[in-house]
Structure formats: C-alpha cells, structure tokens
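Remarks on the structure that follows.
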Amino acid sequence: MNTLHLTTSAEDIRQAAEIIRKGGLVAFPTETVYGLGADAMNTKAVAAVYEAKGRPSDNPMIVHIAAAEEMRRLTPEISEDAAAVMDRFWPGPLTIVVKKKPEVPDRTTGGLDTVAVRMPETPAARDLIRFSGCPIAAPSANLSGSPSPTRAKDVTADLEGRIDAVIEGGDCRVGIESTVLDLTGDAPVILRPGIITADEISEALGKPVLYDSSLKEAASHTALDPAKGAQEADFRPKSPGMKYKHYAPKAEMLIISGDADRVREEIGRRKRECEAQGKRAGVILFGEQEFRQAAHDLFSRLRDLDGEGVDLILAGALSEADGVGFAVMNRMLKSAGYHIIRV
Ligand code: TXA
Ligand code: MG
C-alpha cells in the first residue's frame, strides 16, 4: 500500500476525510499523540486499524468527536458528571468512558458495553472528523507495543506502507495520551492518568475521583519490589489497554529512583559500566518538577535513543505521587517493563 503524505490544508484534510468515508485508515495529529483513524461505525475499517497496528483485537479504541452533540450517536444518556467534564475539559486531553449504544460496533469497543469518547483540540483533527461526517475511532498511530508517536516522522517510521494516509501536523503539544475517566460506576475512576489530573477533575465534579487500583498498585509494587512489579498481568487492569507490553523502546531500559544527586551518580556509574563493556547507554533525566516538559519529551526521547542505536536507556524517576508526574511515570514504568531500582 502506498501511504499518502498530506498537510493540514483544508484541501488535504478533505482528501483524508474522503479516505475515512470509504473505510480507509488515516493517521492524524492530536494535542496528545498522533492517532490512527477509521470510521468508528464501520466494523471493517476498525478491524483494519487493529491489523495495521498489529494490536490484539480485544483492546478497545477511543472514539473521537468534533462536537458535543455527536455524543448522542454513541451513548443513550449523558449523566450530570459527563456533562460537567465535557463542558470543562473539551476539547482537550480527557477521554470519558460511558455506556454505549448498540449501534457502536463491538469491534470498536473490544466487545465491551461501554465506549470511550474524546473531543480532541487540534484543529486538523476536528476538521477531519467534521469533514468525514462520522465519529473516528483512533488508537495511537504506532505499531502495538512501541512508544506512542508525537511527531509525524514517528508515525511514518512505524506505519509507512501499512496505512492509506498520514496528515503531517507539527509536534504534539502534550506528548502523552489523554486521561481516561470511567463514568459508568458509582464513583468516577481514572483508568489511565494523563495531564488532566484527578484533582482538576475532582474540582470540576465537586466530588472525589479515584484511581483504578491497578495504577497505584503498579507504581507502588515496583517501588517496593521490582521483581514483583515485573508481573504486569497480575494487576488485572480494568482498562484493557493497560495489560499489554507498552511504549517499549528497542533498547533495554532501567529507571533509577531516589534522591536527585544519588540518581545522577548511579546513572553515571551504570553508564560508565555499560561503556566499559563496549556498549552504548543513553540517559533520560528530566528537570525536577518539570512534569509537563517530561510528558512532552518522553516518547520522542525513547524513539531518538533507539534511532541512535543505544543498548541501554537509563532514566531518572519522577517524584510526583499524583498529577502529571504520576502520569509520566506510568508510561516510563511500562516502557522499562517495570524495571526500576531505588538508590
Ligand atoms: O490521547 C489519546 O487518547 C490518543 C489519541 C489518538 O486520542 N489515543 C489513544 O488510544 O491513546 P489508545 O487506543 O492507544 O488507548 C486507548 C485507551 C486504552 O488504555 C484502552 O484500554 C482504553 O483507552 N479504553 C478504550 N475504550 C475503553 C472502554 N470502553 N473501557 C475502558 N477503557 C477503554
Ligand atoms: Mg496506544
């Protein structure tokens, strides 16, 4: 398949929309990461997305819309909580999980009776949805398991020749995927942390917001006992996407956690040790408290280090227990296969 490279001009986005309408696959920029889009209501098109990504087919997709009214096609009722967060955070990097209408194909939702929906903020993404005239199902536009794509060249590196077109926008503003908030239970629950934090959502709803237990478990188990943390399947995550090997660079990756100076020392020591064996090590160390920058840079750094052909990636842990630092650490831990040591 010849992959068409398109710009964000209205003419090009119309061409991309035509491809979506015909059941094709188009990668497009959003504020979080690039998505690989297909008509969410077209079972065959959605199946092709799984195929192109090499993704297990029980993993449900996020359905992207361009206007709040489009929720009505997807869900039978919009709860008060749903209305409140839609009003406060859309368009933006928040996905909500709600009950699905029967019309939404099982293929799109991985057989669940719920559907995850978000309204992206990037104009090219919203134009694509509007011009297509359908909600667009879109997982991140990477091969399953590899770091999410935050630049057009990352999409091309993974999917050139496997998809119909890519809309080449600039770098993604946020750099990690949207916060996924489950609104189908008694209390709102964060299934995947992102830059919209529990505190912000809690403030908008006027009630506490919980984290899915697997998230905190994953973070704490690994901190206490790295060997245990490696058994990712034991967490039985509620968000099905959390259970697969994710975001992994080709190089081996190790996270060092602890006091900033000691982390720096340990990374230096391990780097020299690696180089003494004739291998190459790459380092990822974000500024303290610079969580947004870390979110923006993480996936592109992983891809760049792989591009440089390093054998080992040594990363300094982020410290925040909640909020944006927690969201970035969630990705880092997965990238490293929960391989973390304390100093
Ligand atoms: O920022 C994002 O969310 C990006 C851009 C492209 O919008 N998309 C993205 O999609 O990250 P994906 O497929 O890589 O991740 C979707 C996440 C997975 O963790 C999946 O398990 C969860 O959302 N999810 C989707 N539908 C769900 C549902 N009905 N119930 C629970 N979790 C769901
Ligand atoms: Mg993904």
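Identifiers in this document derive from the order of the structure tokens: chains are assigned A, B, ..., residues are numbered from 1 separately in each chain, and ligands are numbered from 1 in order of occurrence.
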
* To do: Using only C-alpha atoms and all ligand atoms, determine which residues fall within 6 Å of ligand 1, then list them as number ranges by chain.
  => A: 32-35, 59-62, 97, 109, 112, 114-116, 138-140, 177-178, 239-242

* If we count only C-alpha atoms, what is near A:Gly316 at a cut-off of 7 Å, once residues fewer than 4 positions away on the same chain are taken out, given as JSON, numbers by chain? -> {"A": [255, 256, 257, 263, 284, 285]}

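Proximity of A:Thr95, A:Thr150, A:Thr122, A:Thr156 to A:Leu6, computed with only C-alpha atoms, is greatest for A:Thr156.
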
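If you measure from each of A:Ala48, A:Leu74, A:Ala38, A:Ile267 to A:Arg342 using only C-alpha atoms, the closest one turns out to be A:Ile267.
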
* Asked: atom CA of A:Val324 and atom CA of A:Ile129 are how many Å apart?
  -> 28.2 Å

* Asked: For the atom pair atom CA of A:Gly23 and atom CA of A:Ala40, what is the interatomic distance in Å to one decimal place?
  -> 9.6 Å

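Here the strand (DSSP E) residues in stretch 153-340 of chain A, by DSSP on the backbone, are Ala165, Val166, Ile167, Thr179, Val180, Leu181, Asp182, Val189, Ile190, Leu191, Arg192, Leu210, Tyr211, Glu252, Met253, Leu254, Ile255, Ile256, Ser257, Ala281, Gly282, Val283, Ile284, Leu312, Ile313, Leu314, Ala315, Gly316 and Ile340 of chain A.
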
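Here atom CA of A:His296 stands at a distance of 16.5 Å from atom CA of A:Ser146.
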